[in-house]
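Have a look at protein-v8.txt below; it lists compact mmCIF, C-alpha atoms.
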# COMPACT_ATOMS: atom_id res chain seq x y z
CA MET A 1 -193.33 -57.10 -4.87
CA SER A 2 -194.48 -59.39 -2.20
CA LYS A 3 -192.18 -62.41 -2.45
CA ILE A 4 -194.09 -64.37 0.18
CA SER A 5 -197.44 -64.10 -1.60
CA VAL A 6 -195.87 -65.14 -4.91
CA LEU A 7 -194.07 -68.06 -3.26
CA VAL A 8 -197.18 -69.29 -1.45
CA ALA A 9 -199.22 -69.04 -4.64
CA ILE A 10 -196.60 -70.97 -6.63
CA ALA A 11 -196.40 -73.68 -3.98
CA ALA A 12 -200.18 -74.07 -3.84
CA PHE A 13 -200.40 -74.24 -7.61
CA LEU A 14 -197.67 -76.85 -7.86
CA VAL A 15 -199.27 -79.07 -5.25
CA SER A 16 -202.68 -78.85 -6.93
CA CYS A 17 -201.22 -79.50 -10.40
CA ASN A 18 -199.32 -82.47 -9.17
CA LYS A 19 -202.41 -83.93 -7.46
CA GLU A 20 -204.31 -83.67 -10.75
CA LYS A 21 -201.37 -85.13 -12.66
CA GLY A 22 -201.11 -88.00 -10.16
CA LYS A 23 -204.79 -88.83 -10.64
CA ALA A 24 -204.45 -88.74 -14.43
CA ASN A 25 -201.34 -90.94 -14.52
CA GLY A 26 -202.41 -93.42 -11.86
CA ASN A 27 -199.47 -95.02 -10.09
CA GLU A 28 -197.08 -94.81 -13.03
CA ALA A 29 -193.53 -94.83 -11.69
CA ALA A 30 -191.15 -91.96 -12.38
CA SER A 31 -188.54 -94.45 -13.53
CA SER A 32 -190.57 -95.13 -16.68
CA THR A 33 -189.20 -91.83 -18.03
CA GLY A 34 -185.68 -92.71 -16.91
CA ASN A 35 -185.82 -90.42 -13.87
CA SER A 36 -185.49 -92.00 -10.45
CA GLU A 37 -186.49 -88.80 -8.60
CA ALA A 38 -190.22 -88.16 -8.59
CA ILE A 39 -189.97 -85.15 -6.27
CA VAL A 40 -187.71 -82.17 -6.81
CA TYR A 41 -187.67 -78.64 -5.48
CA VAL A 42 -187.00 -75.11 -6.59
CA ASN A 43 -185.36 -72.62 -4.27
CA SER A 44 -187.79 -69.75 -4.65
CA ASP A 45 -185.37 -67.18 -3.24
CA SER A 46 -182.80 -68.06 -5.90
CA LEU A 47 -185.46 -68.27 -8.57
CA LEU A 48 -186.68 -64.74 -7.87
CA ASN A 49 -183.17 -63.32 -7.49
CA ASN A 50 -182.02 -64.81 -10.80
CA TYR A 51 -185.14 -64.65 -12.98
CA ASP A 52 -184.64 -61.75 -15.39
CA TYR A 53 -188.37 -61.13 -15.82
CA TYR A 54 -188.84 -60.76 -12.07
CA LYS A 55 -185.85 -58.41 -11.85
CA ALA A 56 -187.24 -56.27 -14.69
CA VAL A 57 -190.69 -56.08 -13.06
CA ARG A 58 -189.17 -55.31 -9.64
CA ASP A 59 -186.99 -52.54 -11.10
CA LYS A 60 -189.97 -51.08 -12.99
CA PHE A 61 -192.03 -50.92 -9.80
CA GLN A 62 -189.22 -49.44 -7.76
CA GLU A 63 -188.87 -46.70 -10.38
CA LYS A 64 -192.64 -46.08 -10.49
CA SER A 65 -192.77 -45.98 -6.70
CA LYS A 66 -189.91 -43.46 -6.55
CA LYS A 67 -191.62 -41.25 -9.15
CA ALA A 68 -194.95 -41.42 -7.32
CA GLN A 69 -193.24 -40.62 -4.02
CA ALA A 70 -191.36 -37.68 -5.57
CA ASP A 71 -194.60 -36.36 -7.11
CA LEU A 72 -196.44 -36.66 -3.81
CA THR A 73 -193.58 -35.00 -1.94
CA ALA A 74 -193.57 -32.10 -4.41
CA LYS A 75 -197.35 -31.64 -4.08
CA GLY A 76 -197.11 -31.88 -0.28
CA THR A 77 -194.29 -29.34 -0.14
CA ALA A 78 -196.23 -26.92 -2.35
CA PHE A 79 -199.26 -27.31 -0.10
CA GLN A 80 -197.18 -26.69 3.03
CA ARG A 81 -195.76 -23.52 1.45
CA GLU A 82 -199.29 -22.35 0.67
CA VAL A 83 -200.38 -22.99 4.28
CA ALA A 84 -197.31 -21.17 5.62
CA ALA A 85 -198.01 -18.19 3.35
CA TYR A 86 -201.60 -18.09 4.56
CA GLN A 87 -200.52 -18.24 8.21
CA GLN A 88 -198.11 -15.34 7.71
CA GLY A 89 -200.70 -13.16 5.99
CA ALA A 90 -203.81 -14.26 7.92
CA ALA A 91 -203.68 -11.25 10.24
CA ASN A 92 -204.12 -8.93 7.25
CA LEU A 93 -207.21 -10.75 5.93
CA SER A 94 -210.82 -10.17 6.84
CA ALA A 95 -212.72 -12.90 8.71
CA GLU A 96 -214.54 -13.85 5.49
CA GLN A 97 -211.26 -14.08 3.51
CA ARG A 98 -209.70 -16.23 6.26
CA ALA A 99 -212.72 -18.55 6.29
CA ASN A 100 -212.68 -18.87 2.48
CA THR A 101 -208.93 -19.50 2.43
CA GLU A 102 -209.13 -22.07 5.22
CA GLU A 103 -211.97 -23.82 3.43
CA ARG A 104 -209.96 -23.88 0.18
CA LEU A 105 -206.88 -25.20 1.99
CA ALA A 106 -208.93 -27.92 3.69
CA ARG A 107 -210.30 -29.01 0.28
CA LYS A 108 -206.77 -29.01 -1.13
CA GLN A 109 -205.56 -31.12 1.78
CA GLN A 110 -208.38 -33.61 1.17
CA GLU A 111 -207.59 -33.68 -2.56
CA LEU A 112 -203.94 -34.37 -1.77
CA ALA A 113 -204.89 -37.25 0.56
CA THR A 114 -207.24 -38.67 -2.11
CA TYR A 115 -204.53 -38.34 -4.76
CA ASN A 116 -202.09 -40.18 -2.49
CA GLN A 117 -204.58 -42.98 -1.84
CA ASN A 118 -205.50 -43.33 -5.53
CA ALA A 119 -201.85 -43.41 -6.59
CA GLY A 120 -201.13 -46.08 -3.97
CA ASN A 121 -204.14 -48.14 -5.06
CA ALA A 122 -203.19 -47.89 -8.73
CA LEU A 123 -199.65 -49.08 -7.98
CA ALA A 124 -200.96 -51.92 -5.80
CA ASN A 125 -203.40 -53.05 -8.51
CA GLU A 126 -200.70 -52.96 -11.16
CA GLU A 127 -198.35 -54.88 -8.87
CA ALA A 128 -201.03 -57.52 -8.23
CA ALA A 129 -201.53 -57.95 -11.98
CA GLU A 130 -197.77 -58.31 -12.50
CA ASN A 131 -197.56 -60.81 -9.62
CA GLU A 132 -200.25 -62.86 -11.33
CA LYS A 133 -198.36 -62.74 -14.63
CA LEU A 134 -195.17 -63.79 -12.82
CA TYR A 135 -196.98 -66.65 -11.10
CA ASN A 136 -198.49 -67.83 -14.39
CA LYS A 137 -195.15 -67.69 -16.22
CA VAL A 138 -193.39 -69.72 -13.52
CA ALA A 139 -196.27 -72.17 -13.03
CA ASP A 140 -196.72 -72.77 -16.78
CA TYR A 141 -193.02 -73.32 -17.25
CA LEU A 142 -192.80 -75.67 -14.25
CA LYS A 143 -195.79 -77.66 -15.45
CA GLY A 144 -194.07 -78.37 -18.76
CA TYR A 145 -190.68 -78.86 -17.14
CA ALA A 146 -192.02 -81.40 -14.63
CA LYS A 147 -193.86 -83.28 -17.34
CA SER A 148 -190.81 -83.46 -19.60
CA LYS A 149 -188.62 -84.72 -16.74
CA GLY A 150 -191.19 -87.12 -15.29
CA TYR A 151 -191.44 -85.35 -11.95
CA LYS A 152 -194.53 -85.96 -9.85
CA PHE A 153 -193.95 -83.04 -7.48
CA VAL A 154 -192.03 -79.79 -7.75
CA LEU A 155 -191.88 -78.25 -4.31
CA THR A 156 -190.75 -74.79 -3.37
CA TYR A 157 -188.09 -74.15 -0.77
CA SER A 158 -187.27 -70.83 0.83
CA LYS A 159 -185.16 -69.88 3.82
CA SER A 160 -187.43 -66.93 4.51
CA ASN A 161 -190.58 -69.10 4.63
CA PRO A 162 -189.41 -72.64 5.37
CA ALA A 163 -192.26 -75.05 4.71
CA VAL A 164 -189.59 -77.63 3.85
CA LEU A 165 -187.01 -77.95 6.61
CA PHE A 166 -184.53 -80.06 4.69
CA ALA A 167 -184.07 -81.10 1.10
CA ASP A 168 -181.18 -82.98 -0.43
CA GLU A 169 -179.33 -80.72 -2.85
CA SER A 170 -179.43 -83.40 -5.52
CA LEU A 171 -183.17 -82.71 -5.80
CA ASP A 172 -182.62 -78.96 -6.43
CA VAL A 173 -183.58 -78.06 -10.02
CA THR A 174 -183.53 -74.30 -9.46
CA LYS A 175 -180.66 -73.53 -11.84
CA ALA A 176 -182.21 -75.48 -14.70
CA VAL A 177 -185.58 -73.83 -14.09
CA VAL A 178 -184.10 -70.32 -13.90
CA ASP A 179 -182.09 -70.94 -17.07
CA GLY A 180 -185.20 -72.14 -18.88
CA LEU A 181 -187.33 -69.23 -17.65
CA ASN A 182 -184.65 -66.71 -18.65
CA THR A 183 -184.35 -68.28 -22.09
CA GLU A 184 -188.13 -67.97 -22.58
CA TYR A 185 -188.07 -64.38 -21.31
CA LYS A 186 -185.29 -63.42 -23.73
CA LYS A 187 -187.32 -64.87 -26.61
CA GLU A 188 -190.38 -62.85 -25.50
CA LYS A 189 -188.36 -59.61 -25.33
CA LYS A 190 -187.25 -59.88 -28.98
Mind turning the file's structure into structure tokens?
Amino acid sequence: MSKISVLVAIAAFLVSCNKEKGKANGNEAASSTGNSEAIVYVNSDSLLNNYDYYKAVRDKFQEKSKKAQADLTAKGTAFQREVAAYQQGAANLSAEQRANTEERLARKQQELATYNQNAGNALANEEAAENEKLYNKVADYLKGYAKSKGYKFVLTYSKSNPAVLFADESLDVTKAVVDGLNTEYKKEKK
């Protein structure tokens, strides 16, 4: 799954949610809820590495990808054997038989390429749908989490895509968020 696209989408969502929340609440101070920190962050690398739902989706797609690759390899190998058999026996065929066989093999090659493309597109579409579900799960949870804690902003931090160059570790709520997401995921699985 594309971690960067999920991370960028989560960050954009959080910023837009917090702008709307800020407009709705006016200039209400975070301390009114007993929390002196209005801005916190989630380490997105840790979140993805420790979120059970993400791990399950990632493992599912790795397995599907391996199966699709094995299927394509098997079909490709069978096609190559068929071409090799034709090449060995081509001298014994009439010109018409060679032309018919070559035409059939060309169609088969095109069908194999189309199959490969369709399988890749189907996996990519399914992955995009799962990425959207992942984004929605995280964003919905963070929206409620931020509201319950009185946070005005929940930023994302990632070493692989550093939009934030430094953040005090006391503002890191990643563990609490991952624990909450995993608890919700376990409830959904039952």
Item checked: Pairwise distance for CA of Arg81 in chain A and CA of Leu112 in chain A, rounded to one decimal in Å ->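 Taking CA of Arg81 in chain A and CA of Leu112 in chain A, their separation equals 14.0 Å.
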Checklist line | Interatomic distance, CA of Ala113 in chain A to CA of Leu72 in chain A (Å, one decimal) | finding: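 CA of Leu72 in chain A lies 9.5 Å from CA of Ala113 in chain A.
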Check: Between A:Tyr157, A:Tyr86, A:Tyr141, A:Tyr51, which one has atoms that come closest to Ala99 in chain A, using only C-alpha atoms?
Finding: A:Tyr86
Next item on the list: Rounded to one decimal place, report the CA of Asn43 in chain A-CA of Val173 in chain A distance in Å.
Entry: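 If I compute the distance from CA of Asn43 in chain A to CA of Val173 in chain A, I get 8.1 Å.
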Notebook entry, point to check: Which is closest to Ser65 in chain A among A:Glu102, A:Asp172, A:Glu127, A:Glu82, if we use only C-alpha atoms?
Noted result: A:Glu127
Next item on the list: Using only C-alpha atoms, find the one residue out of A:Leu93, A:Ala129, A:Val83, A:Val178 that sits nearest to Ala106 in chain A.
Entry: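 Among the listed residues, A:Val83 lies closest to Ala106 in chain A.
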Item checked: Selection: 7 Å around Leu171 in chain A, all atoms listed in the file, excl. self and same-chain fewer than 3 positions, as a list in words -> Val40, Tyr41 and Asp168 of chain A
Next item on the list: Could you give me, as a ChimeraX atom specification, the residues within 12 Å of Lys64 in chain A, counting only C-alpha atoms and dropping anything in the same chain fewer than 6 positions from it?
Entry: /A:57-58,70-71,119-120,122-124,126-127
Check: Pick from A:Ser170, A:Ser46, A:Val177, A:Lys190: nearest to Lys137 in chain A, with only C-alpha atoms counted?
Finding: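 Of A:Ser170, A:Ser46, A:Val177, A:Lys190, the one nearest Lys137 in chain A, counting only C-alpha atoms, is A:Val177.
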